[in-house]
>>> print(open('coords.cif').read())   # mmCIF, C-alpha atoms
data_model
#
loop_
_atom_site.label_atom_id
_atom_site.label_comp_id
_atom_site.auth_asym_id
_atom_site.auth_seq_id
_atom_site.Cartn_x
_atom_site.Cartn_y
_atom_site.Cartn_z
CA MET A 142 86.60 107.24 21.29
CA SER A 143 85.69 103.66 22.00
CA GLU A 144 87.79 101.56 19.73
CA ILE A 145 87.65 97.81 20.25
CA PRO A 146 90.10 96.36 17.77
CA ASP A 147 89.37 92.87 16.55
CA ASP A 148 92.36 90.68 17.13
CA PHE A 149 91.85 88.95 13.79
CA LEU A 150 92.90 92.10 11.92
CA SER A 151 96.60 92.30 11.13
CA GLU A 152 98.81 95.33 10.50
CA ALA A 153 98.40 94.62 6.79
CA ASP A 154 94.61 94.77 7.23
CA PHE A 155 94.85 98.14 8.97
CA ALA A 156 97.12 99.39 6.18
CA TRP A 157 94.52 98.22 3.67
CA GLU A 158 91.81 100.11 5.57
CA ARG A 159 93.85 103.31 5.51
CA THR A 160 94.27 103.02 1.74
CA TYR A 161 90.61 102.18 1.17
CA PHE A 162 89.06 104.85 3.36
CA SER A 163 91.40 107.56 2.13
CA LEU A 164 90.64 106.61 -1.49
CA MET A 165 86.93 106.92 -0.74
CA MET A 166 87.53 110.41 0.65
CA GLU A 167 89.64 111.38 -2.35
CA LEU A 168 87.02 110.15 -4.82
CA LYS A 169 84.27 112.04 -3.03
CA ARG A 170 86.32 115.24 -3.18
CA ARG A 171 87.41 114.78 -6.80
CA ASN A 172 83.99 113.75 -8.16
CA SER A 173 81.75 115.82 -5.89
CA SER A 174 79.90 117.51 -8.73
CA ARG A 175 79.18 114.28 -10.62
CA TYR A 176 78.18 112.43 -7.46
CA GLU A 177 75.86 115.21 -6.30
CA ASP A 178 74.14 115.36 -9.70
CA LEU A 179 73.61 111.62 -9.66
CA ALA A 180 72.52 111.58 -6.01
CA GLY A 181 70.02 114.34 -6.70
CA ARG A 182 68.47 112.29 -9.52
CA LEU A 183 68.35 109.14 -7.40
CA SER A 184 67.20 110.69 -4.13
CA ALA A 185 63.50 110.12 -4.73
CA GLY A 186 64.17 106.55 -5.81
CA GLY A 187 65.56 104.76 -8.84
CA GLU A 188 68.55 102.94 -10.26
CA GLU A 189 71.64 103.89 -12.21
CA ILE A 190 74.22 101.68 -13.92
CA LEU A 191 77.90 102.52 -13.51
CA GLU A 192 80.51 101.03 -15.83
CA LEU A 193 83.67 100.92 -13.71
CA SER A 194 87.14 99.43 -14.11
CA THR A 195 86.35 96.05 -12.57
CA GLY A 196 82.83 95.58 -13.82
CA THR A 197 79.29 96.85 -14.10
CA TYR A 198 77.77 98.23 -10.93
CA LYS A 199 74.25 99.34 -10.06
CA ILE A 200 73.21 101.97 -7.53
CA SER A 201 69.65 101.56 -6.23
CA VAL A 202 67.68 103.92 -4.00
CA ASP A 203 64.26 103.48 -2.42
CA ASN A 204 62.45 104.91 0.59
CA ASN A 205 64.42 102.78 3.02
CA GLY A 206 67.96 102.90 1.79
CA CYS A 207 70.66 103.06 -0.83
CA GLY A 208 72.42 99.97 -2.12
CA TYR A 209 75.05 99.12 -4.68
CA SER A 210 75.53 95.86 -6.53
CA CYS A 211 77.98 94.30 -8.96
CA ARG A 212 77.04 92.28 -12.03
CA GLU A 213 77.85 88.62 -11.39
CA ALA A 214 80.13 86.53 -13.55
CA ASP A 215 77.12 85.03 -15.37
CA GLY A 216 76.42 88.49 -16.77
CA LYS A 217 72.75 88.33 -15.79
CA ASN A 218 72.23 88.97 -12.10
CA PHE A 219 73.60 91.59 -9.74
CA GLN A 220 75.05 90.71 -6.34
CA ARG A 221 74.36 93.17 -3.53
CA LEU A 222 77.66 94.48 -2.17
CA GLY A 223 76.48 97.22 0.13
CA TRP A 224 73.44 98.94 1.58
CA VAL A 225 72.85 101.76 4.06
CA LYS A 226 69.66 103.02 5.65
CA LEU A 227 68.59 106.48 4.47
CA THR A 228 66.81 109.11 6.52
CA GLU A 229 63.87 111.14 5.21
CA ASP A 230 65.80 114.41 5.32
CA PRO A 231 66.53 115.34 1.66
CA ALA A 232 69.98 116.82 2.30
CA GLU A 233 71.05 113.84 4.40
CA ARG A 234 69.74 111.46 1.74
CA ILE A 235 71.81 113.13 -0.96
CA ASN A 236 74.89 113.13 1.24
CA ALA A 237 74.47 109.44 2.05
CA ILE A 238 73.94 108.52 -1.62
CA THR A 239 77.06 110.53 -2.49
CA ASP A 240 78.97 108.52 0.13
CA ALA A 241 77.66 105.28 -1.38
CA LEU A 242 78.79 106.34 -4.87
CA ALA A 243 82.29 107.11 -3.59
CA GLU A 244 82.38 103.80 -1.74
CA CYS A 245 81.23 101.84 -4.78
CA GLU A 246 83.89 103.43 -6.99
CA ALA A 247 86.55 102.93 -4.32
CA ARG A 248 85.71 99.24 -4.11
CA ALA A 249 85.88 98.97 -7.89
CA GLN A 250 89.25 100.74 -8.05
CA ILE A 251 90.81 98.83 -5.18
CA ASP A 252 89.15 95.59 -6.34
CA ALA A 253 87.50 94.91 -2.99
CA MET B 85 91.30 73.42 21.64
CA ARG B 86 91.31 74.94 25.15
CA LEU B 87 93.79 77.53 23.96
CA ILE B 88 91.48 78.51 21.12
CA LEU B 89 88.47 78.77 23.44
CA ASN B 90 90.41 80.89 25.93
CA LYS B 91 91.49 83.20 23.16
CA LEU B 92 87.95 83.54 21.91
CA ALA B 93 86.64 84.29 25.35
CA THR B 94 88.79 87.40 25.48
CA SER B 95 88.48 88.50 21.89
CA GLY B 96 85.20 90.35 22.21
CA SER B 97 83.72 88.48 19.35
CA LEU B 98 81.59 85.47 18.77
CA ILE B 99 82.45 82.48 16.74
CA VAL B 100 80.56 79.54 15.37
CA VAL B 101 82.18 76.30 14.37
CA ILE B 102 80.51 74.51 11.57
CA VAL B 103 81.50 71.06 10.57
CA LEU B 104 80.57 71.16 6.95
CA ALA B 105 81.32 67.60 6.03
CA SER B 106 81.85 64.84 8.50
CA THR B 107 83.98 61.83 7.82
CA THR B 108 82.81 59.41 5.22
CA SER B 109 82.76 55.94 6.69
CA ALA B 110 84.31 53.20 4.71
CA ILE B 111 81.44 50.79 4.89
CA GLY B 112 82.32 47.71 2.96
CA ALA B 113 85.33 49.29 1.36
CA SER B 114 88.43 48.76 3.35
CA THR B 115 90.61 50.76 0.98
CA THR B 116 88.53 53.93 1.07
CA ALA B 117 90.47 56.89 2.45
CA THR B 118 88.71 59.00 5.06
CA PRO B 119 88.83 62.67 4.12
CA PRO B 120 89.60 65.15 6.90
CA LYS B 121 86.69 66.92 8.52
CA THR B 122 85.99 70.30 7.06
CA LYS B 123 85.66 72.90 9.78
CA CYS B 124 84.71 76.49 9.12
CA PHE B 125 84.48 79.33 11.60
CA ILE B 126 82.78 82.68 11.36
CA GLU B 127 83.89 85.24 13.88
CA VAL B 128 82.19 88.61 14.17
CA GLY B 129 83.49 91.46 16.27
CA ASN B 130 81.59 93.93 18.39
CA ALA B 131 80.42 97.24 16.99
CA HIS B 132 82.93 100.02 17.55
CA ILE B 133 83.78 103.51 16.37
CA SER B 134 86.26 103.05 13.54
CA THR B 135 89.66 104.59 14.11
CA SER B 136 90.65 104.05 10.45
CA ILE B 137 87.65 105.98 9.12
CA PHE B 138 88.11 108.78 11.64
CA GLU B 139 91.80 109.09 10.84
CA GLN B 140 91.35 109.05 7.06
CA GLN B 141 88.09 110.96 6.71
CA GLY B 142 87.65 112.89 9.94
CA ARG B 143 84.19 111.35 10.37
CA ARG B 144 82.86 109.07 13.04
CA ALA B 145 81.37 105.78 11.92
CA VAL B 146 80.15 102.61 13.61
CA LYS B 147 81.87 99.53 12.17
CA VAL B 148 81.75 95.74 12.54
CA ASN B 149 84.38 93.32 11.22
CA ALA B 150 84.07 89.60 10.53
CA ILE B 151 86.23 86.72 9.37
CA SER B 152 85.51 83.33 7.85
CA ARG B 153 88.15 80.67 8.48
CA CYS B 154 88.24 77.13 7.13
CA ASN B 155 90.74 74.32 7.49
CA VAL B 156 90.44 73.69 3.74
CA PRO B 157 90.40 76.27 0.95
CA GLN B 158 87.09 78.04 0.40
CA SER B 159 86.27 79.95 -2.77
CA ASN B 160 83.63 82.35 -4.07
CA VAL B 161 83.03 83.47 -0.51
CA ILE B 162 80.22 85.94 0.09
CA LEU B 163 80.77 87.04 3.67
CA THR B 164 77.98 89.42 4.65
CA VAL B 165 78.03 91.62 7.72
CA LYS B 166 74.93 93.46 8.90
CA ILE B 167 74.83 96.20 11.53
CA PHE B 168 71.69 96.45 13.63
CA LYS B 169 70.66 99.34 15.83
CA GLU B 170 68.55 98.81 18.91
CA GLY B 171 65.95 101.42 19.65
CA LEU B 172 62.32 101.67 20.50
CA GLY B 173 60.71 98.48 19.33
CA ILE B 174 62.68 95.83 17.49
CA ALA B 175 66.27 96.23 16.34
CA HIS B 176 66.55 97.39 12.75
CA LEU B 177 69.13 97.02 10.02
CA VAL B 178 71.15 100.17 9.34
CA ALA B 179 73.98 98.91 7.11
CA GLN B 180 75.31 95.83 5.38
CA ARG B 181 78.25 94.90 3.16
CA SER B 182 79.28 91.70 1.39
CA THR B 183 82.53 90.48 -0.07
CA ARG B 184 82.60 90.04 -3.84
CA PRO B 185 82.91 86.30 -4.70
CA GLU B 186 85.09 86.86 -7.78
CA ASN B 187 87.62 88.84 -5.78
CA PRO B 188 90.96 87.05 -5.19
CA LYS B 189 90.66 87.94 -1.49
CA SER B 190 87.42 85.93 -1.34
CA GLN B 191 89.34 82.66 -1.71
CA GLY B 192 91.58 80.67 0.60
CA LEU B 193 91.60 79.62 4.22
CA VAL B 194 90.74 83.07 5.55
CA VAL B 195 88.34 85.67 4.15
CA LYS B 196 87.67 88.97 5.92
CA ASN B 197 84.96 91.59 5.74
CA GLN B 198 86.42 94.76 7.22
CA PHE B 199 84.43 97.39 5.35
CA THR B 200 80.98 97.30 6.97
CA PHE B 201 80.20 100.64 8.55
CA LEU B 202 77.71 103.49 8.86
CA TYR B 203 78.60 107.13 9.39
CA CYS B 204 77.32 108.74 12.61
CA ARG B 205 74.99 111.72 12.24
CA ASP B 206 75.76 112.97 15.74
CA THR B 207 76.95 111.72 19.12
CA THR B 208 73.60 110.47 20.41
CA ARG B 209 74.20 107.30 22.40
CA SER B 210 72.81 104.30 20.52
CA LYS B 211 73.15 100.53 20.81
CA TYR B 212 74.60 98.42 17.99
CA TYR B 213 75.53 94.85 17.20
CA GLY B 214 76.63 92.93 14.13
CA VAL B 215 75.47 89.75 12.45
CA ALA B 216 77.60 87.84 9.93
CA SER B 217 76.79 84.98 7.59
CA ALA B 218 78.53 83.41 4.63
CA ARG B 219 78.12 81.44 1.44
CA ALA B 220 81.10 79.61 0.02
CA THR B 221 82.22 76.85 -2.27
CA ILE B 222 84.25 74.13 -0.57
CA ARG B 223 85.50 71.10 -2.45
CA GLY B 224 83.17 71.98 -5.29
CA LYS B 225 80.04 72.14 -3.13
CA GLY B 226 78.13 75.22 -2.07
CA TYR B 227 77.63 75.83 1.64
CA THR B 228 75.73 78.41 3.62
CA THR B 229 76.67 79.19 7.19
CA PRO B 230 74.02 80.38 9.64
CA PRO B 231 74.13 83.90 11.08
CA VAL B 232 76.55 84.66 13.90
CA TRP B 233 75.96 87.56 16.32
CA SER B 234 78.42 89.90 17.99
CA GLU B 235 79.16 88.82 21.50
CA LYS B 236 77.87 92.11 22.91
CA THR B 237 75.43 94.85 22.04
CA LEU B 238 77.35 98.03 22.76
CA GLU B 239 76.18 101.58 23.36
CA LEU B 240 78.26 104.01 21.33
CA ASN B 241 78.27 107.79 20.97
CA CYS B 242 76.96 107.49 17.45
CA GLY B 243 73.50 108.56 16.37
CA THR B 244 72.49 107.27 12.95
#
>>> encode(input="coords.cif", output="structure tokens")
Amino acid sequence: MSEIPDDFLSEADFAWERTYFSLMMELKRRNSSRYEDLAGRLSAGGEEILELSTGTYKISVDNNGCGYSCREADGKNFQRLGWVKLTEDPAERINAITDALAECEARAQIDA
Amino acid sequence: MRLILNKLATSGSLIVVIVLASTTSAIGASTTATPPKTKCFIEVGNAHISTSIFEQQGRRAVKVNAISRCNVPQSNVILTVKIFKEGLGIAHLVAQRSTRPENPKSQGLVVKNQFTFLYCRDTTRSKYYGVASARATIRGKGYTTPPVWSEKTLELNCGT
């Protein structure tokens, strides 16, 4: 595996990553049914609002990709927090949207 | 300064120094204090296969990290990292993440984005690089830093 660690990441940063990425995995396992239902609805395109612990989030899907945003402090606009390119394969799309849902909830829970 | 440049040369990442506000000259006002120069750096690492993601999730993913450093406190930092994949034709965006400006970790002298990644579909060798940019508030003014590229485009065993 080619790992090129960035020397600006500290041990505390790596510890944070372990917590974050394991939480994402745990959320995907625990909420698989809910995420798959939602991903199935969004796969062809659309938006869904999620009310989470640290704010209001929006998941958006179109032909190109899947993004998630957080409502800004002004209460009006959403700020894009993440986006990934989606393939055309339906099963891969649903899996990638499911990953994005888990990631969005993990960021909300860990306040990232 | 030479020490910093030597360190950067071996760090596998690219950095841009931006002097956001130069000194204010005291023209006709001998008692005016000259504020220190505000210097901000964005450093973006090379694309790599993330050990953290593999260890925690058992999945391979390409990842790029970035950091924004200033010599004065910055706030409401939106540090965005984009991962591009080179293929036939022009490079195309495959993933991006941004820090949340309201987050406490998006304030201070140092702000990091260490959560920009894309899972690999298979082990097809593909070329990746990262681009980072930032928006921040410094001394009450909003600033935008231009994009900074990874030092290298690297071929990884990661088809996406």
>>> interface_residues(input="coords.cif", of="chain B", to="chain A", cutoff="6 Å", atoms="all atoms listed in the file", output="list in words")
His132, Ile133, Ser136, Gln140, Val178, Ala179, Gln180, Arg181 and Ser182 of chain B
>>> write_last_selection(input="coords.cif", atoms="C-alpha atoms", output="PDB file, in the frame of the given file")
ATOM      1  CA  HIS B 132      82.930 100.020  17.550  1.00  0.00           C
ATOM      2  CA  ILE B 133      83.780 103.510  16.370  1.00  0.00           C
ATOM      3  CA  SER B 136      90.650 104.050  10.450  1.00  0.00           C
ATOM      4  CA  GLN B 140      91.350 109.050   7.060  1.00  0.00           C
ATOM      5  CA  VAL B 178      71.150 100.170   9.340  1.00  0.00           C
ATOM      6  CA  ALA B 179      73.980  98.910   7.110  1.00  0.00           C
ATOM      7  CA  GLN B 180      75.310  95.830   5.380  1.00  0.00           C
ATOM      8  CA  ARG B 181      78.250  94.900   3.160  1.00  0.00           C
ATOM      9  CA  SER B 182      79.280  91.700   1.390  1.00  0.00           C
TER      10      SER B 182
END
>>> residues_near_point(input="coords.cif", point="(71.7, 109.0, -6.6)", cutoff="9 Å", atoms="only C-alpha atoms", output="PDB file with C-alpha atoms, keeping the file's coordinate frame")
ATOM      1  CA  TYR A 176      78.180 112.430  -7.460  1.00  0.00           C
ATOM      2  CA  GLU A 177      75.860 115.210  -6.300  1.00  0.00           C
ATOM      3  CA  ASP A 178      74.140 115.360  -9.700  1.00  0.00           C
ATOM      4  CA  LEU A 179      73.610 111.620  -9.660  1.00  0.00           C
ATOM      5  CA  ALA A 180      72.520 111.580  -6.010  1.00  0.00           C
ATOM      6  CA  GLY A 181      70.020 114.340  -6.700  1.00  0.00           C
ATOM      7  CA  ARG A 182      68.470 112.290  -9.520  1.00  0.00           C
ATOM      8  CA  LEU A 183      68.350 109.140  -7.400  1.00  0.00           C
ATOM      9  CA  SER A 184      67.200 110.690  -4.130  1.00  0.00           C
ATOM     10  CA  ALA A 185      63.500 110.120  -4.730  1.00  0.00           C
ATOM     11  CA  GLY A 186      64.170 106.550  -5.810  1.00  0.00           C
ATOM     12  CA  GLY A 187      65.560 104.760  -8.840  1.00  0.00           C
ATOM     13  CA  GLU A 188      68.550 102.940 -10.260  1.00  0.00           C
ATOM     14  CA  GLU A 189      71.640 103.890 -12.210  1.00  0.00           C
ATOM     15  CA  ILE A 200      73.210 101.970  -7.530  1.00  0.00           C
ATOM     16  CA  SER A 201      69.650 101.560  -6.230  1.00  0.00           C
ATOM     17  CA  VAL A 202      67.680 103.920  -4.000  1.00  0.00           C
ATOM     18  CA  CYS A 207      70.660 103.060  -0.830  1.00  0.00           C
ATOM     19  CA  ARG A 234      69.740 111.460   1.740  1.00  0.00           C
ATOM     20  CA  ILE A 235      71.810 113.130  -0.960  1.00  0.00           C
ATOM     21  CA  ILE A 238      73.940 108.520  -1.620  1.00  0.00           C
ATOM     22  CA  THR A 239      77.060 110.530  -2.490  1.00  0.00           C
ATOM     23  CA  ALA A 241      77.660 105.280  -1.380  1.00  0.00           C
ATOM     24  CA  LEU A 242      78.790 106.340  -4.870  1.00  0.00           C
TER      25      LEU A 242
END
>>> resolve_selection(input="coords.cif", expression="the PyMOL selection byres ((chain A and resi 198) around 8)", output="list in words")
Ile190, Leu191, Glu192, Leu193, Gly196, Thr197, Lys199, Ile200, Tyr209, Ser210, Cys211, Arg212, Phe219 and Cys245 of chain A
>>> resolve_selection(input="coords.cif", expression="the PyMOL selection byres ((chain B and resi 150) around 9)", output="ChimeraX atom specification")
/A:147,149 /B:97,126-129,148-149,151-152,163-165,195-198,214-216
>>> write_last_selection(input="coords.cif", atoms="C-alpha atoms", output="PDB file, keeping the file's coordinate frame")
ATOM      1  CA  ASP A 147      89.370  92.870  16.550  1.00  0.00           C
ATOM      2  CA  PHE A 149      91.850  88.950  13.790  1.00  0.00           C
TER       3      PHE A 149
ATOM      4  CA  SER B  97      83.720  88.480  19.350  1.00  0.00           C
ATOM      5  CA  ILE B 126      82.780  82.680  11.360  1.00  0.00           C
ATOM      6  CA  GLU B 127      83.890  85.240  13.880  1.00  0.00           C
ATOM      7  CA  VAL B 128      82.190  88.610  14.170  1.00  0.00           C
ATOM      8  CA  GLY B 129      83.490  91.460  16.270  1.00  0.00           C
ATOM      9  CA  VAL B 148      81.750  95.740  12.540  1.00  0.00           C
ATOM     10  CA  ASN B 149      84.380  93.320  11.220  1.00  0.00           C
ATOM     11  CA  ILE B 151      86.230  86.720   9.370  1.00  0.00           C
ATOM     12  CA  SER B 152      85.510  83.330   7.850  1.00  0.00           C
ATOM     13  CA  LEU B 163      80.770  87.040   3.670  1.00  0.00           C
ATOM     14  CA  THR B 164      77.980  89.420   4.650  1.00  0.00           C
ATOM     15  CA  VAL B 165      78.030  91.620   7.720  1.00  0.00           C
ATOM     16  CA  VAL B 195      88.340  85.670   4.150  1.00  0.00           C
ATOM     17  CA  LYS B 196      87.670  88.970   5.920  1.00  0.00           C
ATOM     18  CA  ASN B 197      84.960  91.590   5.740  1.00  0.00           C
ATOM     19  CA  GLN B 198      86.420  94.760   7.220  1.00  0.00           C
ATOM     20  CA  GLY B 214      76.630  92.930  14.130  1.00  0.00           C
ATOM     21  CA  VAL B 215      75.470  89.750  12.450  1.00  0.00           C
ATOM     22  CA  ALA B 216      77.600  87.840   9.930  1.00  0.00           C
TER      23      ALA B 216
END
>>> closest_residue(input="coords.cif", among="A:Lys217, A:Asp203, A:Asn236, A:Arg170", to="B:Gln141", atoms="only C-alpha atoms")
A:Arg170
>>> resolve_selection(input="coords.cif", expression="the PyMOL selection byres ((chain B and resi 144) around 6)", output="list in words")
Phe138, Arg143, Ala145, Tyr203 and Cys204 of chain B
>>> atom_distance(input="coords.cif", atom1="atom CA of B:Trp233", atom2="atom CA of B:Pro188")
26.2 Å
>>> atom_distance(input="coords.cif", atom1="atom CA of B:Cys124", atom2="atom CA of B:Phe199")
21.2 Å
>>> residues_around(input="coords.cif", residues="B:Thr208", least_positions_apart="5", cutoff="9 Å", atoms="all atoms listed in the file", output="PDB file with C-alpha atoms, in the coordinates of the input")
ATOM      1  CA  LEU B 240      78.260 104.010  21.330  1.00  0.00           C
ATOM      2  CA  ASN B 241      78.270 107.790  20.970  1.00  0.00           C
ATOM      3  CA  CYS B 242      76.960 107.490  17.450  1.00  0.00           C
ATOM      4  CA  GLY B 243      73.500 108.560  16.370  1.00  0.00           C
ATOM      5  CA  THR B 244      72.490 107.270  12.950  1.00  0.00           C
TER       6      THR B 244
END
>>> closest_residue(input="coords.cif", among="B:Glu235, B:Arg205, B:Lys169, B:Lys211", to="A:Asp230", atoms="only C-alpha atoms")
B:Arg205
>>> atom_distance(input="coords.cif", atom1="atom CA of B:Phe201", atom2="atom CA of B:Ile167")
7.6 Å
